[in-house]
file work-v1.csv (CSV, C-alpha atoms and all ligand atoms)
chain,number,residue,atom,x,y,z
A,479,MET,CA,0.0,0.0,0.0
A,480,THR,CA,1.2,3.5,-0.9
A,481,THR,CA,0.5,6.4,1.4
A,482,ILE,CA,0.8,9.9,-0.1
A,483,TYR,CA,1.6,12.8,2.2
A,484,ALA,CA,1.5,16.4,1.3
A,485,ILE,CA,3.7,18.7,3.4
A,486,ALA,CA,1.8,21.9,3.3
A,487,ASN,CA,1.5,25.3,4.9
A,488,GLN,CA,0.9,28.5,2.9
A,489,LYS,CA,3.5,30.3,5.1
A,490,GLY,CA,7.0,30.3,3.8
A,491,GLY,CA,10.0,29.4,5.9
A,492,VAL,CA,8.2,27.2,8.4
A,493,GLY,CA,10.2,24.0,7.6
A,494,LYS,CA,8.1,22.3,4.9
A,495,THR,CA,11.1,21.5,2.6
A,496,THR,CA,13.4,20.6,5.5
A,497,THR,CA,10.7,18.2,6.8
A,498,ALA,CA,10.0,16.7,3.3
A,499,VAL,CA,13.6,16.0,2.7
A,500,ASN,CA,14.5,14.7,6.1
A,501,LEU,CA,11.4,12.7,6.8
A,502,ALA,CA,11.7,11.1,3.3
A,503,ALA,CA,15.3,10.2,4.1
A,504,CYS,CA,14.4,8.7,7.5
A,505,VAL,CA,11.5,6.6,6.2
A,506,ALA,CA,13.8,5.4,3.4
A,507,GLU,CA,16.6,4.6,5.8
A,508,ALA,CA,14.0,2.6,7.8
A,509,GLY,CA,13.6,0.4,4.7
A,510,TYR,CA,10.5,1.9,3.1
A,511,ARG,CA,10.6,2.6,-0.6
A,512,THR,CA,10.1,6.3,-0.8
A,513,LEU,CA,9.5,8.9,-3.5
A,514,LEU,CA,9.8,12.7,-2.8
A,515,ILE,CA,8.1,14.9,-5.3
A,516,ASP,CA,9.2,18.6,-5.4
A,517,ILE,CA,6.4,20.7,-6.5
A,518,ASP,CA,7.8,24.1,-5.4
A,519,PRO,CA,9.3,26.2,-8.3
A,520,GLN,CA,12.1,27.2,-5.9
A,521,ALA,CA,13.3,23.6,-6.1
A,522,ASN,CA,14.8,23.6,-2.6
A,523,ALA,CA,14.1,20.0,-2.0
A,524,SER,CA,15.7,19.0,-5.3
A,525,VAL,CA,18.8,21.0,-4.5
A,526,GLY,CA,18.8,19.8,-0.9
A,527,LEU,CA,19.2,16.2,-2.3
A,528,GLY,CA,22.1,17.2,-4.5
A,529,LEU,CA,20.2,17.6,-7.8
A,530,PRO,CA,20.4,20.6,-10.1
A,531,LYS,CA,17.5,23.0,-10.0
A,532,ASP,CA,17.0,23.2,-13.7
A,533,GLY,CA,17.0,19.5,-14.7
A,534,GLU,CA,14.4,18.0,-17.1
A,535,PRO,CA,12.1,16.3,-17.2
A,536,SER,CA,10.8,17.7,-13.9
A,537,ILE,CA,7.4,17.7,-12.3
A,538,TYR,CA,6.6,20.6,-14.6
A,539,GLU,CA,6.7,18.4,-17.7
A,540,VAL,CA,4.7,15.7,-15.8
A,541,LEU,CA,1.9,18.3,-14.9
A,542,ALA,CA,2.0,19.6,-18.5
A,543,GLY,CA,1.5,16.1,-19.8
A,544,THR,CA,4.7,16.0,-21.9
A,545,ALA,CA,6.5,13.5,-19.7
A,546,SER,CA,5.3,10.5,-17.6
A,547,LEU,CA,6.1,10.4,-13.8
A,548,ALA,CA,8.3,7.4,-14.3
A,549,ASP,CA,10.4,9.4,-16.8
A,550,ALA,CA,11.0,12.1,-14.3
A,551,VAL,CA,12.1,9.9,-11.3
A,552,LEU,CA,15.7,10.1,-10.3
A,553,PRO,CA,17.7,8.2,-7.7
A,554,THR,CA,19.3,10.0,-4.8
A,555,ASN,CA,22.4,9.2,-2.7
A,556,VAL,CA,20.0,7.8,0.0
A,557,ASP,CA,19.1,4.1,-0.5
A,558,GLN,CA,15.4,3.5,-1.2
A,559,LEU,CA,14.8,7.3,-1.8
A,560,SER,CA,14.0,8.6,-5.3
A,561,VAL,CA,12.9,12.1,-6.3
A,562,VAL,CA,11.0,13.8,-8.9
A,563,PRO,CA,12.7,17.2,-9.2
A,564,SER,CA,11.2,20.6,-9.7
A,565,ASN,CA,12.3,23.2,-12.1
A,566,GLY,CA,12.0,27.0,-12.3
A,567,SER,CA,9.5,26.7,-15.2
A,568,LEU,CA,7.1,25.5,-12.6
A,569,ALA,CA,6.5,29.1,-11.5
A,570,GLY,CA,4.5,29.5,-14.7
A,571,ALA,CA,2.3,26.6,-13.7
A,572,ASN,CA,0.3,28.9,-11.4
A,573,ILE,CA,-1.0,30.6,-14.5
A,574,GLU,CA,-0.9,27.7,-17.0
A,575,LEU,CA,-2.4,25.0,-14.8
A,576,PRO,CA,-5.9,26.6,-14.4
A,577,ARG,CA,-6.1,26.7,-18.2
A,578,LEU,CA,-5.5,23.0,-18.6
A,579,GLU,CA,-8.2,20.4,-18.6
A,580,GLY,CA,-8.7,18.8,-15.2
A,581,SER,CA,-6.4,21.4,-13.7
A,582,GLU,CA,-6.9,20.4,-10.1
A,583,THR,CA,-6.5,16.7,-10.6
A,584,ARG,CA,-3.4,16.6,-12.9
A,585,LEU,CA,-1.0,15.4,-10.2
A,586,ARG,CA,-3.4,12.8,-9.0
A,587,GLU,CA,-3.8,11.5,-12.6
A,588,ALA,CA,-0.1,11.4,-13.0
A,589,LEU,CA,0.4,9.4,-9.8
A,590,THR,CA,-2.4,7.0,-10.4
A,591,GLY,CA,-1.0,3.6,-11.3
A,592,ALA,CA,2.6,5.1,-11.3
A,593,VAL,CA,3.5,5.0,-7.6
A,594,GLY,CA,2.5,1.4,-6.6
A,595,ASP,CA,6.1,0.5,-6.1
A,596,TYR,CA,6.5,3.0,-3.2
A,597,ASP,CA,5.5,2.7,0.4
A,598,PHE,CA,5.5,6.5,0.9
A,599,VAL,CA,5.2,9.4,-1.5
A,600,LEU,CA,5.9,12.9,0.0
A,601,LEU,CA,4.9,16.1,-1.8
A,602,ASP,CA,6.9,19.2,-0.9
A,603,CYS,CA,4.4,22.1,-1.5
A,604,PRO,CA,5.2,25.8,-2.3
A,605,PRO,CA,4.3,28.5,0.2
A,606,SER,CA,0.8,29.3,-1.1
A,607,LEU,CA,-2.6,27.8,-1.4
A,608,GLY,CA,-2.5,28.2,-5.2
A,609,PRO,CA,-3.0,25.6,-8.0
A,610,LEU,CA,0.2,23.6,-7.2
A,611,THR,CA,-0.8,23.1,-3.5
A,612,VAL,CA,-4.4,22.3,-4.5
A,613,ASN,CA,-3.0,19.6,-6.9
A,614,ALA,CA,-1.0,18.1,-4.0
A,615,LEU,CA,-3.9,18.1,-1.6
A,616,VAL,CA,-6.1,16.5,-4.2
A,617,ALA,CA,-3.5,13.8,-4.8
A,618,ALA,CA,-2.7,13.2,-1.1
A,619,ASP,CA,-4.1,10.8,1.5
A,620,ARG,CA,-2.8,12.9,4.4
A,621,VAL,CA,-1.3,16.3,5.1
A,622,ILE,CA,1.6,17.2,7.4
A,623,VAL,CA,1.5,20.8,8.5
A,624,PRO,CA,4.8,22.1,9.7
A,625,VAL,CA,4.3,25.0,12.2
A,626,GLN,CA,7.3,27.2,13.2
A,627,THR,CA,7.4,27.4,16.9
A,628,GLU,CA,7.3,31.2,16.9
A,629,TYR,CA,4.9,34.0,17.8
A,630,PHE,CA,2.1,34.1,15.0
A,631,ALA,CA,2.4,30.3,14.7
A,632,LEU,CA,-1.4,29.9,14.8
A,633,GLU,CA,-1.9,32.6,12.3
A,634,GLY,CA,-3.0,31.2,8.9
A,635,LEU,CA,-3.7,27.7,10.3
A,636,ALA,CA,-7.5,28.4,10.4
A,637,GLY,CA,-7.3,29.4,6.7
A,638,LEU,CA,-5.4,26.2,5.8
A,639,LEU,CA,-7.9,24.0,7.7
A,640,ASP,CA,-10.8,25.8,5.8
A,641,THR,CA,-9.0,25.0,2.5
A,642,LEU,CA,-8.6,21.4,3.5
A,643,ASP,CA,-12.4,21.2,4.3
A,644,ILE,CA,-13.2,22.6,0.8
A,645,ILE,CA,-10.9,20.1,-0.9
A,646,ARG,CA,-12.3,17.2,1.1
A,647,ARG,CA,-15.9,18.2,0.3
A,648,ASP,CA,-15.3,18.9,-3.4
A,649,LEU,CA,-12.3,17.0,-4.7
A,650,ASN,CA,-10.8,14.5,-2.3
A,651,PRO,CA,-13.0,13.0,0.5
A,652,ARG,CA,-10.2,10.7,1.8
A,653,LEU,CA,-7.9,13.6,2.8
A,654,THR,CA,-7.0,13.7,6.5
A,655,VAL,CA,-4.6,15.7,8.6
A,656,ALA,CA,-1.8,13.4,9.7
A,657,GLY,CA,-0.6,16.1,12.1
A,658,MET,CA,0.8,19.5,12.7
A,659,LEU,CA,4.6,19.4,13.3
A,660,LEU,CA,6.3,21.9,15.6
A,661,THR,CA,9.5,22.9,13.9
A,662,MET,CA,12.6,25.1,14.8
A,663,HIS,CA,11.7,24.7,18.5
A,664,ASP,CA,14.2,26.5,20.7
A,665,GLY,CA,14.0,24.7,24.1
A,666,ARG,CA,15.9,27.4,25.8
A,667,THR,CA,13.2,30.0,25.3
A,668,ARG,CA,10.0,30.5,27.2
A,669,LEU,CA,8.4,31.6,23.9
A,670,ALA,CA,8.9,28.2,22.3
A,671,GLN,CA,7.3,26.5,25.3
A,672,ASP,CA,4.4,28.9,25.4
A,673,VAL,CA,3.8,28.5,21.6
A,674,GLU,CA,4.0,24.7,21.9
A,675,ARG,CA,1.4,24.7,24.7
A,676,GLU,CA,-0.9,27.1,22.8
A,677,VAL,CA,-0.8,25.0,19.6
A,678,ARG,CA,-1.4,21.8,21.5
A,679,ARG,CA,-4.3,23.4,23.4
A,680,HIS,CA,-5.9,24.7,20.1
A,681,PHE,CA,-5.5,21.5,18.2
A,682,PRO,CA,-5.6,18.6,20.7
A,683,GLU,CA,-5.0,15.2,19.0
A,684,LEU,CA,-3.7,17.0,15.9
A,685,VAL,CA,-0.1,17.8,16.9
A,686,PHE,CA,2.7,15.2,16.5
A,687,ASP,CA,4.4,14.2,19.8
A,688,THR,CA,7.8,14.7,18.1
A,689,VAL,CA,9.0,18.2,18.1
A,690,ILE,CA,11.8,19.3,15.7
A,691,PRO,CA,14.4,21.4,17.5
A,692,ARG,CA,16.2,24.4,16.0
A,693,ASN,CA,19.5,22.8,15.0
A,694,VAL,CA,22.3,24.2,13.0
A,695,ARG,CA,23.2,20.8,11.4
A,696,VAL,CA,19.7,20.7,10.0
A,697,SER,CA,20.1,24.1,8.3
A,698,GLU,CA,23.6,23.3,7.0
A,699,ALA,CA,22.8,19.9,5.4
A,700,PRO,CA,21.1,21.2,2.2
A,701,SER,CA,24.3,23.1,1.2
A,702,PHE,CA,26.0,19.7,1.0
A,703,GLY,CA,23.1,18.3,-1.0
A,704,ARG,CA,22.3,15.7,1.6
A,705,PRO,CA,19.7,15.1,4.4
A,706,VAL,CA,20.8,15.8,8.0
A,707,ILE,CA,21.0,12.0,8.8
A,708,HIS,CA,23.9,11.8,6.3
A,709,HIS,CA,25.4,15.1,7.3
A,710,ASP,CA,25.5,14.4,11.1
A,711,PRO,CA,23.6,11.2,12.0
A,712,HIS,CA,23.9,11.8,15.7
A,713,CYS,CA,22.8,15.4,16.1
A,714,ALA,CA,19.5,16.5,17.7
A,715,GLY,CA,18.0,17.2,14.3
A,716,SER,CA,18.7,13.7,13.0
A,717,ASP,CA,17.3,12.2,16.2
A,718,ALA,CA,14.1,14.2,15.9
A,719,TYR,CA,13.5,13.3,12.2
A,720,PHE,CA,14.1,9.6,13.0
A,721,GLU,CA,11.4,9.9,15.8
A,722,LEU,CA,9.0,11.6,13.4
A,723,ALA,CA,9.6,8.9,10.8
A,724,LYS,CA,8.7,6.3,13.5
A,725,GLU,CA,5.5,8.2,14.4
A,726,VAL,CA,4.5,8.5,10.7
A,727,ALA,CA,5.4,4.9,9.8
A,728,ALA,CA,3.4,3.6,12.8
A,729,ARG,CA,0.3,5.2,11.4
A,730,GLY,CA,1.0,3.6,8.0
B,801,LIG,P1,9.7,26.2,3.9
B,801,LIG,O1,9.9,25.0,2.9
B,801,LIG,O2,8.5,26.0,4.7
B,801,LIG,O3,9.8,27.5,3.2
B,801,LIG,P2,12.3,25.5,4.9
B,801,LIG,O4,12.3,24.1,5.2
B,801,LIG,O5,13.0,25.9,3.6
B,801,LIG,O6,10.9,26.1,4.9
B,801,LIG,O7,13.0,26.2,6.1
B,801,LIG,C1,13.2,27.6,6.1
B,801,LIG,C2,14.7,27.9,6.7
B,801,LIG,O8,14.8,27.5,8.0
B,801,LIG,C3,15.8,27.2,5.9
B,801,LIG,O9,16.9,28.1,5.8
B,801,LIG,C4,16.1,26.0,6.8
B,801,LIG,O10,17.4,25.6,6.6
B,801,LIG,C5,15.8,26.5,8.2
B,801,LIG,N1,15.4,25.4,9.1
B,801,LIG,C6,14.3,24.6,8.9
B,801,LIG,N2,14.2,23.8,9.9
B,801,LIG,C7,15.2,24.0,10.8
B,801,LIG,C8,15.7,23.5,12.0
B,801,LIG,N3,15.0,22.5,12.6
B,801,LIG,N4,16.8,24.0,12.6
B,801,LIG,C9,17.4,25.1,12.0
B,801,LIG,N5,17.1,25.6,10.8
B,801,LIG,C10,16.0,25.1,10.2
B,802,MG,MG,10.1,25.0,0.8
call {"tool": "encode", "arguments": {"input": "work-v1.csv", "output": "structure tokens"}}
result
Amino acid sequence: MTTIYAIANQKGGVGKTTTAVNLAACVAEAGYRTLLIDIDPQANASVGLGLPKDGEPSIYEVLAGTASLADAVLPTNVDQLSVVPSNGSLAGANIELPRLEGSETRLREALTGAVGDYDFVLLDCPPSLGPLTVNALVAADRVIVPVQTEYFALEGLAGLLDTLDIIRRDLNPRLTVAGMLLTMHDGRTRLAQDVEREVRRHFPELVFDTVIPRNVRVSEAPSFGRPVIHHDPHCAGSDAYFELAKEVAARG
């Protein structure tokens, strides 16, 4: 069985890409066949896994219908982890996609019958609720919502949950929230503890037990084109993403 996760939050800089890359690497390391699809035109996940940001075919060609998903899959230096890279042309998809037939279901169509060999597929979304994120939410079984453990953390979450409701009602009834993930948590500050308490109080049952600490090894790893578990397997960031992978895998 393949489970498809969208990593989404319309806010930028909350840890979506970092979570997509490192969670993908950790579930792959645990032995699950994993595919990470980069659907952000910034291509940070592709670059973070050591790929060029202008390769072709990319997810752009897949959504445009000029390449199949299988054609766009590349291996990574992590065993069991493959990636479909993004490409700057994808920026145009925000305008082009709505003009194409079945614009909201193109990613789902591309994945149907093409991802059966994988246990987990992760979709790294751009920082908006535009057509690319809608495609991801329509294709996904579950959503992981990274939430930066900072003041204003709750801002925007209500809007995101409303969007999920609309998608569930109109386009993808099986979509569920896997969880909100507190990221960049700085345990030394009172603020981080207050924000964590507040998010857990607002969304009981919906927040992952695992919290991702702010960790310099996590932020360095992409510049070496590798996930943090290869950059420094024993740092706090690696420990946390391994824990998260266990929590996610336990839910199937
Ligand atoms: P998004 O994809 O939501 O825009 P990113 O994953 O790119 O966010 O993260 C934004 C910035 O924060 C990046 O520079 C990233 O390296 C950094 N970052 C993310 N998570 C951590 C962490 N746990 N510790 C330190 N820096 C982090
Ligand atoms: Mg990103």
call {"tool": "atom_distance", "arguments": {"input": "work-v1.csv", "atom1": "atom CA of A:Pro563", "atom2": "atom CA of A:Asp643"}}
result
28.8 Å
call {"tool": "residues_near_point", "arguments": {"input": "work-v1.csv", "point": "(1.1, 20.5, -0.2)", "cutoff": "8 Å", "atoms": "only C-alpha atoms", "output": "ChimeraX atom specification"}}
result
/A:484-487,601-604,610-615,621
call {"tool": "residues_near_ligand", "arguments": {"input": "work-v1.csv", "ligand": "ligand LIG 801 (chain B)", "cutoff": "8 Å", "atoms": "only C-alpha atoms and all ligand atoms", "output": "number ranges by chain"}}
result
A: 486-487, 489-498, 522, 602-605, 624, 661-663, 690-700, 715
call {"tool": "write_last_selection", "arguments": {"input": "work-v1.csv", "atoms": "C-alpha atoms", "output": "PDB file, in the frame of the given file"}}
result
ATOM      1  CA  ALA A 486       1.800  21.900   3.300  1.00  0.00           C
ATOM      2  CA  ASN A 487       1.500  25.300   4.900  1.00  0.00           C
ATOM      3  CA  LYS A 489       3.500  30.300   5.100  1.00  0.00           C
ATOM      4  CA  GLY A 490       7.000  30.300   3.800  1.00  0.00           C
ATOM      5  CA  GLY A 491      10.000  29.400   5.900  1.00  0.00           C
ATOM      6  CA  VAL A 492       8.200  27.200   8.400  1.00  0.00           C
ATOM      7  CA  GLY A 493      10.200  24.000   7.600  1.00  0.00           C
ATOM      8  CA  LYS A 494       8.100  22.300   4.900  1.00  0.00           C
ATOM      9  CA  THR A 495      11.100  21.500   2.600  1.00  0.00           C
ATOM     10  CA  THR A 496      13.400  20.600   5.500  1.00  0.00           C
ATOM     11  CA  THR A 497      10.700  18.200   6.800  1.00  0.00           C
ATOM     12  CA  ALA A 498      10.000  16.700   3.300  1.00  0.00           C
ATOM     13  CA  ASN A 522      14.800  23.600  -2.600  1.00  0.00           C
ATOM     14  CA  ASP A 602       6.900  19.200  -0.900  1.00  0.00           C
ATOM     15  CA  CYS A 603       4.400  22.100  -1.500  1.00  0.00           C
ATOM     16  CA  PRO A 604       5.200  25.800  -2.300  1.00  0.00           C
ATOM     17  CA  PRO A 605       4.300  28.500   0.200  1.00  0.00           C
ATOM     18  CA  PRO A 624       4.800  22.100   9.700  1.00  0.00           C
ATOM     19  CA  THR A 661       9.500  22.900  13.900  1.00  0.00           C
ATOM     20  CA  MET A 662      12.600  25.100  14.800  1.00  0.00           C
ATOM     21  CA  HIS A 663      11.700  24.700  18.500  1.00  0.00           C
ATOM     22  CA  ILE A 690      11.800  19.300  15.700  1.00  0.00           C
ATOM     23  CA  PRO A 691      14.400  21.400  17.500  1.00  0.00           C
ATOM     24  CA  ARG A 692      16.200  24.400  16.000  1.00  0.00           C
ATOM     25  CA  ASN A 693      19.500  22.800  15.000  1.00  0.00           C
ATOM     26  CA  VAL A 694      22.300  24.200  13.000  1.00  0.00           C
ATOM     27  CA  ARG A 695      23.200  20.800  11.400  1.00  0.00           C
ATOM     28  CA  VAL A 696      19.700  20.700  10.000  1.00  0.00           C
ATOM     29  CA  SER A 697      20.100  24.100   8.300  1.00  0.00           C
ATOM     30  CA  GLU A 698      23.600  23.300   7.000  1.00  0.00           C
ATOM     31  CA  ALA A 699      22.800  19.900   5.400  1.00  0.00           C
ATOM     32  CA  PRO A 700      21.100  21.200   2.200  1.00  0.00           C
ATOM     33  CA  GLY A 715      18.000  17.200  14.300  1.00  0.00           C
TER      34      GLY A 715
END
call {"tool": "residues_around", "arguments": {"input": "work-v1.csv", "residues": "A:Ile622", "least_positions_apart": "2", "cutoff": "6 Å", "atoms": "all atoms listed in the file", "output": "NGL selection string"}}
result
:A and (485 or 656-658)
call {"tool": "closest_residue", "arguments": {"input": "work-v1.csv", "among": "A:Thr480, A:Ser536, A:Gln488, A:Thr583", "to": "ligand MG 802 (chain B)", "atoms": "only C-alpha atoms and all ligand atoms"}}
result
A:Gln488
call {"tool": "atom_distance", "arguments": {"input": "work-v1.csv", "atom1": "atom CA of A:Leu653", "atom2": "atom CA of A:Asp619"}}
result
4.9 Å
call {"tool": "atom_distance", "arguments": {"input": "work-v1.csv", "atom1": "atom CA of A:Leu585", "atom2": "atom CA of A:Tyr538"}}
result
10.2 Å
call {"tool": "residues_near_point", "arguments": {"input": "work-v1.csv", "point": "(0.7, 7.1, 3.2)", "cutoff": "7 Å", "atoms": "all atoms listed in the file", "output": "mmCIF file with C-alpha atoms, in the coordinates of the input"}}
result
data_model
loop_
_atom_site.group_PDB
_atom_site.id
_atom_site.type_symbol
_atom_site.label_atom_id
_atom_site.label_comp_id
_atom_site.auth_asym_id
_atom_site.auth_seq_id
_atom_site.Cartn_x
_atom_site.Cartn_y
_atom_site.Cartn_z
ATOM 1 C CA THR A 480 1.200 3.500 -0.900
ATOM 2 C CA THR A 481 0.500 6.400 1.400
ATOM 3 C CA ILE A 482 0.800 9.900 -0.100
ATOM 4 C CA TYR A 483 1.600 12.800 2.200
ATOM 5 C CA PHE A 598 5.500 6.500 0.900
ATOM 6 C CA VAL A 599 5.200 9.400 -1.500
ATOM 7 C CA ASP A 619 -4.100 10.800 1.500
ATOM 8 C CA ARG A 620 -2.800 12.900 4.400
ATOM 9 C CA GLY A 730 1.000 3.600 8.000
#
call {"tool": "closest_residue", "arguments": {"input": "work-v1.csv", "among": "A:Ala723, A:Val655, A:Ala545, A:Leu514", "to": "A:Val562", "atoms": "only C-alpha atoms"}}
result
A:Leu514
call {"tool": "closest_residue", "arguments": {"input": "work-v1.csv", "among": "A:Ala618, A:His712, A:Val625, A:Thr544", "to": "A:Arg652", "atoms": "all atoms listed in the file"}}
result
A:Ala618
call {"tool": "axis_aligned_box", "arguments": {"input": "work-v1.csv", "around": "stretch 544-551 of chain A", "padding_each_side": "5 Å", "output": "lines of an AutoDock Vina configuration file"}}
result
center_x = 8.4
center_y = 11.7
center_z = -16.6
size_x = 17.4
size_y = 18.6
size_z = 20.6
call {"tool": "residues_around", "arguments": {"input": "work-v1.csv", "residues": "stretch 559-561 of chain A", "least_positions_apart": "2", "cutoff": "12 Å", "atoms": "all atoms listed in the file", "output": "PyMOL selection string"}}
result
chain A and resi 498-517+521+523-530+533+535-537+547-557+563-564+593+595-602+704-705
call {"tool": "write_last_selection", "arguments": {"input": "work-v1.csv", "atoms": "C-alpha atoms", "output": "mmCIF file, in the frame of the given file"}}
result
data_model
loop_
_atom_site.group_PDB
_atom_site.id
_atom_site.type_symbol
_atom_site.label_atom_id
_atom_site.label_comp_id
_atom_site.auth_asym_id
_atom_site.auth_seq_id
_atom_site.Cartn_x
_atom_site.Cartn_y
_atom_site.Cartn_z
ATOM 1 C CA ALA A 498 10.000 16.700 3.300
ATOM 2 C CA VAL A 499 13.600 16.000 2.700
ATOM 3 C CA ASN A 500 14.500 14.700 6.100
ATOM 4 C CA LEU A 501 11.400 12.700 6.800
ATOM 5 C CA ALA A 502 11.700 11.100 3.300
ATOM 6 C CA ALA A 503 15.300 10.200 4.100
ATOM 7 C CA CYS A 504 14.400 8.700 7.500
ATOM 8 C CA VAL A 505 11.500 6.600 6.200
ATOM 9 C CA ALA A 506 13.800 5.400 3.400
ATOM 10 C CA GLU A 507 16.600 4.600 5.800
ATOM 11 C CA ALA A 508 14.000 2.600 7.800
ATOM 12 C CA GLY A 509 13.600 0.400 4.700
ATOM 13 C CA TYR A 510 10.500 1.900 3.100
ATOM 14 C CA ARG A 511 10.600 2.600 -0.600
ATOM 15 C CA THR A 512 10.100 6.300 -0.800
ATOM 16 C CA LEU A 513 9.500 8.900 -3.500
ATOM 17 C CA LEU A 514 9.800 12.700 -2.800
ATOM 18 C CA ILE A 515 8.100 14.900 -5.300
ATOM 19 C CA ASP A 516 9.200 18.600 -5.400
ATOM 20 C CA ILE A 517 6.400 20.700 -6.500
ATOM 21 C CA ALA A 521 13.300 23.600 -6.100
ATOM 22 C CA ALA A 523 14.100 20.000 -2.000
ATOM 23 C CA SER A 524 15.700 19.000 -5.300
ATOM 24 C CA VAL A 525 18.800 21.000 -4.500
ATOM 25 C CA GLY A 526 18.800 19.800 -0.900
ATOM 26 C CA LEU A 527 19.200 16.200 -2.300
ATOM 27 C CA GLY A 528 22.100 17.200 -4.500
ATOM 28 C CA LEU A 529 20.200 17.600 -7.800
ATOM 29 C CA PRO A 530 20.400 20.600 -10.100
ATOM 30 C CA GLY A 533 17.000 19.500 -14.700
ATOM 31 C CA PRO A 535 12.100 16.300 -17.200
ATOM 32 C CA SER A 536 10.800 17.700 -13.900
ATOM 33 C CA ILE A 537 7.400 17.700 -12.300
ATOM 34 C CA LEU A 547 6.100 10.400 -13.800
ATOM 35 C CA ALA A 548 8.300 7.400 -14.300
ATOM 36 C CA ASP A 549 10.400 9.400 -16.800
ATOM 37 C CA ALA A 550 11.000 12.100 -14.300
ATOM 38 C CA VAL A 551 12.100 9.900 -11.300
ATOM 39 C CA LEU A 552 15.700 10.100 -10.300
ATOM 40 C CA PRO A 553 17.700 8.200 -7.700
ATOM 41 C CA THR A 554 19.300 10.000 -4.800
ATOM 42 C CA ASN A 555 22.400 9.200 -2.700
ATOM 43 C CA VAL A 556 20.000 7.800 0.000
ATOM 44 C CA ASP A 557 19.100 4.100 -0.500
ATOM 45 C CA PRO A 563 12.700 17.200 -9.200
ATOM 46 C CA SER A 564 11.200 20.600 -9.700
ATOM 47 C CA VAL A 593 3.500 5.000 -7.600
ATOM 48 C CA ASP A 595 6.100 0.500 -6.100
ATOM 49 C CA TYR A 596 6.500 3.000 -3.200
ATOM 50 C CA ASP A 597 5.500 2.700 0.400
ATOM 51 C CA PHE A 598 5.500 6.500 0.900
ATOM 52 C CA VAL A 599 5.200 9.400 -1.500
ATOM 53 C CA LEU A 600 5.900 12.900 0.000
ATOM 54 C CA LEU A 601 4.900 16.100 -1.800
ATOM 55 C CA ASP A 602 6.900 19.200 -0.900
ATOM 56 C CA ARG A 704 22.300 15.700 1.600
ATOM 57 C CA PRO A 705 19.700 15.100 4.400
#
call {"tool": "closest_residue", "arguments": {"input": "work-v1.csv", "among": "A:Gln520, A:Ser546, A:Ser567, A:Thr627", "to": "ligand MG 802 (chain B)", "atoms": "all atoms listed in the file"}}
result
A:Gln520
call {"tool": "decode", "arguments": {"input": "work-v1.csv", "residues": "stretch 580-592 of chain A", "atoms": "N, CA and C atoms", "output": "PDB file, in the first residue's frame"}}
result
ATOM      1  N   GLY A 580      -8.926  19.531 -16.418  1.00  0.00           N
ATOM      2  CA  GLY A 580      -8.749  18.807 -15.156  1.00  0.00           C
ATOM      3  C   GLY A 580      -7.624  19.398 -14.338  1.00  0.00           C
ATOM      4  N   SER A 581      -7.585  20.733 -14.260  1.00  0.00           N
ATOM      5  CA  SER A 581      -6.412  21.407 -13.695  1.00  0.00           C
ATOM      6  C   SER A 581      -6.122  21.006 -12.251  1.00  0.00           C
ATOM      7  N   GLU A 582      -7.156  20.675 -11.478  1.00  0.00           N
ATOM      8  CA  GLU A 582      -6.918  20.373 -10.059  1.00  0.00           C
ATOM      9  C   GLU A 582      -6.522  18.925  -9.823  1.00  0.00           C
ATOM     10  N   THR A 583      -6.711  18.093 -10.827  1.00  0.00           N
ATOM     11  CA  THR A 583      -6.485  16.651 -10.624  1.00  0.00           C
ATOM     12  C   THR A 583      -5.311  16.127 -11.452  1.00  0.00           C
ATOM     13  N   ARG A 584      -4.523  17.030 -12.015  1.00  0.00           N
ATOM     14  CA  ARG A 584      -3.443  16.568 -12.906  1.00  0.00           C
ATOM     15  C   ARG A 584      -2.367  15.777 -12.181  1.00  0.00           C
ATOM     16  N   LEU A 585      -2.029  16.201 -10.963  1.00  0.00           N
ATOM     17  CA  LEU A 585      -1.019  15.443 -10.231  1.00  0.00           C
ATOM     18  C   LEU A 585      -1.579  14.072  -9.842  1.00  0.00           C
ATOM     19  N   ARG A 586      -2.824  14.073  -9.369  1.00  0.00           N
ATOM     20  CA  ARG A 586      -3.437  12.784  -9.011  1.00  0.00           C
ATOM     21  C   ARG A 586      -3.450  11.827 -10.197  1.00  0.00           C
ATOM     22  N   GLU A 587      -3.823  12.353 -11.368  1.00  0.00           N
ATOM     23  CA  GLU A 587      -3.833  11.517 -12.584  1.00  0.00           C
ATOM     24  C   GLU A 587      -2.435  10.967 -12.885  1.00  0.00           C
ATOM     25  N   ALA A 588      -1.434  11.848 -12.716  1.00  0.00           N
ATOM     26  CA  ALA A 588      -0.058  11.419 -13.023  1.00  0.00           C
ATOM     27  C   ALA A 588       0.423  10.351 -12.048  1.00  0.00           C
ATOM     28  N   LEU A 589      -0.059  10.399 -10.809  1.00  0.00           N
ATOM     29  CA  LEU A 589       0.389   9.435  -9.796  1.00  0.00           C
ATOM     30  C   LEU A 589      -0.375   8.115  -9.878  1.00  0.00           C
ATOM     31  N   THR A 590      -1.613   8.181 -10.369  1.00  0.00           N
ATOM     32  CA  THR A 590      -2.440   6.981 -10.412  1.00  0.00           C
ATOM     33  C   THR A 590      -1.765   5.902 -11.254  1.00  0.00           C
ATOM     34  N   GLY A 591      -1.554   4.766 -10.632  1.00  0.00           N
ATOM     35  CA  GLY A 591      -0.952   3.643 -11.330  1.00  0.00           C
ATOM     36  C   GLY A 591       0.556   3.766 -11.493  1.00  0.00           C
ATOM     37  N   ALA A 592       1.150   4.887 -11.039  1.00  0.00           N
ATOM     38  CA  ALA A 592       2.586   5.099 -11.265  1.00  0.00           C
ATOM     39  C   ALA A 592       3.408   5.033  -9.982  1.00  0.00           C
TER      40      ALA A 592
END
